[in-house]
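Below is one structure; the comments refer to it alone.
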Protein chains: 2
Amino acid sequence: MALKAQVLYDFTAEPGNNELSVREGETVAVIDQTVGGGWIQAQNSSGQTGLVPEGYLQVCNVSGEGGAGSWSGGGASVTNTDQWDGRTPTALEYDDAEWDDDWDDQSVSSYHGNDQLEVEGGASGRGLQGPSVKISLNKFPFSKGPSPEVFLLARPPANGRDRLPVYTGDVGPVWLYPASPLDCVIADPKKESKLYGLKSFIEYQITPSTTNRPVNHRYKHFDWLYERLLEKFGSLLPIPSLPDKQVTGRFEDDFIRMRMERLQAWMTRMCRHPVVSQSEVFQLFITYRDEREWKAGKRKAEKDETVGPMVFSLIEPEAAELDVVQVEHRCELYSRFTRSMDDGVRELLDVGHTHWKRCTGPLPKEYERIGRAFRNLSTVFSSSRYPGEETLTDALTAAGKTYEEIAQIVAQQPQKDLHFLLETNSEYKGQLGCFPEIIAVHKAAIDKVKEADRLISAGKITNSDRKCMNQRVSCMSYSLQAEMNHFHSNRIYDYNRMMQFYLEQQVTFYQQIADKLREALSQFATL
Amino acid sequence: MALKAQVLYDFTAEPGNNELSVREGETVAVIDQTVGGGWIQAQNSSGQTGLVPEGYLQVCNVSGEGGAGSWSGGGASVTNTDQWDGRTPTALEYDDAEWDDDWDDQSVSSYHGNDQLEVEGGASGRGLQGPSVKISLNKFPFSKGPSPEVFLLARPPANGRDRLPVYTGDVGPVWLYPASPLDCVIADPKKESKLYGLKSFIEYQITPSTTNRPVNHRYKHFDWLYERLLEKFGSLLPIPSLPDKQVTGRFEDDFIRMRMERLQAWMTRMCRHPVVSQSEVFQLFITYRDEREWKAGKRKAEKDETVGPMVFSLIEPEAAELDVVQVEHRCELYSRFTRSMDDGVRELLDVGHTHWKRCTGPLPKEYERIGRAFRNLSTVFSSSRYPGEETLTDALTAAGKTYEEIAQIVAQQPQKDLHFLLETNSEYKGQLGCFPEIIAVHKAAIDKVKEADRLISAGKITNSDRKCMNQRVSCMSYSLQAEMNHFHSNRIYDYNRMMQFYLEQQVTFYQQIADKLREALSQFATL
């Protein structure tokens with residue numbers, strides 16, 4: 001059966017490029033997903049075939065497995081809300097689709113042998129804008145890859161260097177936080193080229209607060225880091241997607257500024273995470289000294305075997321073992337919380353998006369029209385030749401100009417206040433989209449432990465295996481608790497900051513308008 | 001040929017009442033316009049017949065005479081802009097369609113024998129809302145009634161008591177203004193009934209500042225006054241229509257309040273006019289002592305013969321005679337000014353209407369949604385069980401409530417600021433709608449004077465007739481100049497007051513929101 005895909009945005013084919021024009025809402029048949037370069041060969045209902053950018057299509061899920069976590073809208077699905085910044089992509093291009101030839105080791109270590117992952121979870125299947133889950137929602141518990149039982153029963157790896165201790169803090173289980181928080185500044189995007197100018201790309205300068213020594217990375221290096229973090233920590237904590245890879249005009253200043261801002265937000269979040277920021281691969285990314293060190297580290301990271309559920313083998317909880325009922329109860333609480341918060345965040349994004357459109361569209365137009373109406377009336381009045389008209393007409397013109405200025409202020413306001421509110425919530429939407437996956441891993445482990453009695457009867461595991469499983473699911477629970485506590489503390493900080501910033505900007509906005517109008521009022525003659 | 005009519009508003013027939021349901025935009029055939037009571041018998045395209053309220057129909061002009069002045073949109077035409085207050089009439093009823101039996105003298109004095117006037121200019125043909133020209137635009141110079149030449153060549157009436165002197169003031173020709181300005185307060189609307197409760201009506205109390213003695217009038221008495229003023233002064237100065245006569249629910253408080261407010265505005269404008277306010281009929285209306293005096297005065301007013309163009313015979317200009325070229329030039333200037341101002345006023349009404357709809361519709365809904373999104377997020381956060389959550393959730397709830405309050409403020413604002421701006425402009429639209437008629441009378445007189453040479457050659461008039469015509473058209477011009485100067489001085493006063501009031505209210509509005517948001521901001525913990 002041919003795969004179908006839903007067209008997410010209008011795309012106009014460039015002549016002579018073997019492309020296919022499609023309209024938003026259209027359904028096309030997917031002919032070939034392996035053409036590469038960010039393109040899919042598709043056929044429309046009239047039988048015409050041609051290439052369409054991957055990001056413009058939502059390939060329909062062939063498997064019937066919705067299952068756990070399907071509420072998140074993660075994966076390749078792109079909702080309108082994602083487009084709150086009002087930019088509509090006009091064409092997609094895959095600037096980093098292949099590794100350049102200076103990197104010959106393309107073998108991406110893959111412990112997961114799921115074919116579908118190539119379609120759904122591949123870098124190209126990511127949402128067009130804003131963070132969203134990259135990893136296939138079906139990987140756990142349905143994939144053929146290692147399920148939590150690998151960890152529940154496997155021998156822990158010998159290497160103890162990467163241990164992830166979980167302490168008991170005031171708020172319950174917490175990660176080990178570094179003495180001084182890490183921070184990175186991304187700056188100075190430079191257009192570079194190679195192959196005698198045939199290939200161009202943007203290189204960013206990343207300066208970590210620890211070394212204060214800048215390193216350079218292209219977007220695709222970030223993408224590589226993201227893949228590694230996702231692979232290693234994806235079952236343990238939310239690794240939000242990078243900002244999307246679009247666009248025609250990827251060397252345009254606005255696009256570069258926006259991508260850098262989002263890369264910065266992503267890096268800041270990663271830096272703030274005690275597990276991620278202290279991991280070997282992350283440290284390599286921000287502190288490598290030369291090409292040799294980078295390449296060696298890169299190879300090592302790709303060969304890391306403590307990935308997927310095996311990452312739980314690094315957890316070292318300080319507190320006493322929890323029984324499976326307690327573990328299940330907590331997991332349920334977190335599941336409910338993250339789901340509700342996801343709803344709340346989407347609601348805010350949705351209304352924010354609507355409000356943005358109004359503030360940049362009809363509302364300033366209306367203020368402009370009010371201003372123009374006042375000014376036109378003033379012009380008419382000036383033509384009366386009636387003595388002593390000027391006081392009124394001057395004031396009326398000033399009032400008209402004031403409303404035209406207000407129109408400008410209104411139109412520019414969303415960039416000043418809503419922007420940060422929407423960015424923050426988009427980031428959280430991205431993080432929250434990772435939780436169904438994390439929760440699913442935990443639930444699968446819990447189910448496996450609850451099954452232990454039956455497995456013992458069937459002679460599949462021993463009593464000591466069960467004891468080990470119990471201990472390990474407790475270990476997993478502590479890691480989830482530590483992660484949730486980390487999430488909560490960050491969330492409180494972020495939303496506090498976001499709300500304060502939004503309200504400050506809103507106060508300034510309304511105050512500025514009030515002041516302008518007061519000034520306009522003062523120009524009228526007192527009666 | 002059957003008359004056609006355009007349906008202006010949806011009307012739903014009441015069952016069993018012989019009514020016909022019609023939809024806005026529909027065209028119906030007019031079967032009978034004489035059924036009375038404010039109803040027209042009409043037939044729709046399906047052949048169904050029934051009664052439709054007159055005000056819901058725009059009966060199409062049967063004559064092809066558009067002619068001078070057709071730009072004003074006067075007469076019975078009702079534009080959407082007229083409905084800026086957002087009320088859509090649901091049914092029309094003619095509370096004052098017939099004079100009650102206590103008035104047996106229904107003979108309306110009519111110097112104009114134009115049949116068409118009965119259709120177009122009759123009280124029932126008036127616009128549904130807001131002032132508009134009542135008199136037929138075709139009356140001059142095309143009607144069979146007296147045209148300006150009646151005045152140009154007629155013997156002036158003997159009565160010198162009503163003389164209308166035109167003085168030369170600082171601004172040019174001016175009316176004689178009374179020493180102390182007249183004012184009337186309309187108050188205390190009372191529901192009265194007669195015929196043992198079968199007929200109900202509202203009686204208003206009108207108290208003039210000169211006598212401080214209240215008189216009572218029903219709406220239909222105002223309408224009688226309007227008819228007299230229009231007949232007498234309609235060629236000389238703008239007599240804006242009364243507020244419309246709708247509505248089902250004419251005893252509802254909101255309707256009574258709104259009608260009274262508009263009657264008050266109308267009376268204030270008439271009181272401020274030196275010619276109208278000092279006229280016998282107006283003085284009768286506000287100062288009659290008893291029923292006998294009222295009836296006698298009423299009969300006398302209806303028999304007044306110095307109406308229509310003959311009113312110019314009362315003008316006594318102080319300044320030297322103008323030649324016809326000067327007269328024509330001035331007339332052209334006024335024509336251009338009133339036309340441009342009409343455009344300007346309509347533009348402002350139009351955008352004001354749009355803005356009103358936004359401020360009471362989508363905008364507050366959006367603020368409400370923003371508020372709710374904040375509060376919902378706060379509720380989710382409260383469920384986290386994370387210690388120290390309350391500071392954020394309390395502040396977030398308060399911010400949510402603040403936006404819900406802002407929604408209320410936004411929705412109520414148009415009533416506070418736009419209302420007066422739109423009322424003022426509606427009034428001016430009504431006045432401006434009278435000018436094409438006035439200008440047309442003057443132009444017809446000018447044309448007649450310019451024709452004088454030919455008329456002399458043809459032996460139709462004598463040289464002394466021509467001299468008389470010249471003198472009288474100059475007289476007319478002085479009256480027009482005096483009226484325009486009156487109009488300008490009132491306009492400057494009114495627009496100054498309107499703008500100041502609007503801006504004051506807008507300042508308060510934005511300041512109030514800024515203050516509320518500042519208060520909401522203060523509840524967040526300082527980071």
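By convention in this document, the chains of the structure tokens carry letters A, B, ... by their order, each chain's residues are numbered from 1, and ligands are numbered from 1 in the order they are shown.
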
Distance table requested - chain B against chain A, cut-off 7 Å, only C-alpha atoms: one row per qualifying residue with the closest atom pair and its distance in Å to one decimal, ordered by chain and rising residue number, as CSV.
```
residue,atom,partner,partner_atom,distance
B:Val171,CA,A:Pro387,CA,6.5
B:Phe337,CA,A:Ser384,CA,6.6
B:Ser340,CA,A:Val380,CA,6.3
B:Met341,CA,A:Val380,CA,6.0
B:Gly344,CA,A:Leu377,CA,5.2
B:Glu347,CA,A:Ala373,CA,6.1
B:Leu348,CA,A:Ala373,CA,5.3
B:Val351,CA,A:Ile370,CA,6.2
B:His355,CA,A:Glu366,CA,6.8
B:Glu366,CA,A:His355,CA,6.8
B:Arg369,CA,A:Val351,CA,6.5
B:Ile370,CA,A:Val351,CA,6.2
B:Ala373,CA,A:Leu348,CA,5.3
B:Asn376,CA,A:Gly344,CA,6.3
B:Leu377,CA,A:Gly344,CA,5.2
B:Val380,CA,A:Met341,CA,6.0
B:Ser384,CA,A:Phe337,CA,6.6
B:Tyr386,CA,A:His488,CA,6.9
B:Pro387,CA,A:Val171,CA,6.5
B:Leu392,CA,A:Asn496,CA,6.4
B:His488,CA,A:Tyr386,CA,6.9
B:Ile492,CA,A:Leu392,CA,6.9
B:Asn496,CA,A:Leu392,CA,6.4
B:Gln500,CA,A:Leu521,CA,6.1
B:Leu503,CA,A:Leu521,CA,5.8
B:Glu504,CA,A:Leu521,CA,6.9
B:Val507,CA,A:Ala514,CA,4.8
B:Tyr510,CA,A:Ala514,CA,5.1
B:Gln511,CA,A:Ala514,CA,5.5
B:Ile513,CA,A:Tyr510,CA,6.7
B:Ala514,CA,A:Val507,CA,4.8
B:Leu517,CA,A:Val507,CA,5.9
B:Arg518,CA,A:Val507,CA,6.1
B:Leu521,CA,A:Leu503,CA,5.8
B:Phe524,CA,A:Gln500,CA,6.7
```

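Proximity ranking of A:Gln264, A:Thr168, A:Asn18, A:Gln278 relative to A:Pro53 places A:Asn18 first, based on only C-alpha atoms.
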
Exercise. For the atom pair atom CA of B:Asp10 and atom CA of B:Glu54, what is the interatomic distance in Å to one decimal place?
Worked result: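 The value is 12.6 Å.
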
Problem set entry | Atom pair atom CA of B:Ser45 / atom CA of B:Val28: separation (Å) |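 Computing the Euclidean distance for atom CA of B:Ser45 and atom CA of B:Val28 yields 6.6 Å.
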
Problem set entry | Picked from stretch 159-366 of chain B by DSSP as alpha helix (DSSP H), as a PyMOL selection string | chain B and resi 219-233+253-272+274-277+280-287+291-302+324-360+362-366

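Residue-level DSSP output for stretch 194-428 of chain B, from the backbone, shows strand (DSSP E or B) at Lys194, Lys199, Ser200, Phe201, Ile202, Glu203, Tyr204, Gln205, Ile206, Thr207, Pro208, Val215, Asn216, His217, Arg218, Ile315, Glu316 and Pro317 of chain B.
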
For this session: Excluding B:Ile461 and any residue of its chain fewer than 2 positions from it, enumerate the residues within 12 Å of it, using only C-alpha atoms, and give them as a VMD selection string.
Result: chain B and resid 149 152 to 153 448 to 449 451 to 459 463 to 469

Exercise. What separation in Å, quoted to one decimal, exists between atom CA of B:Asp162 and atom CA of B:Asp323?
Worked result: 26.1 Å
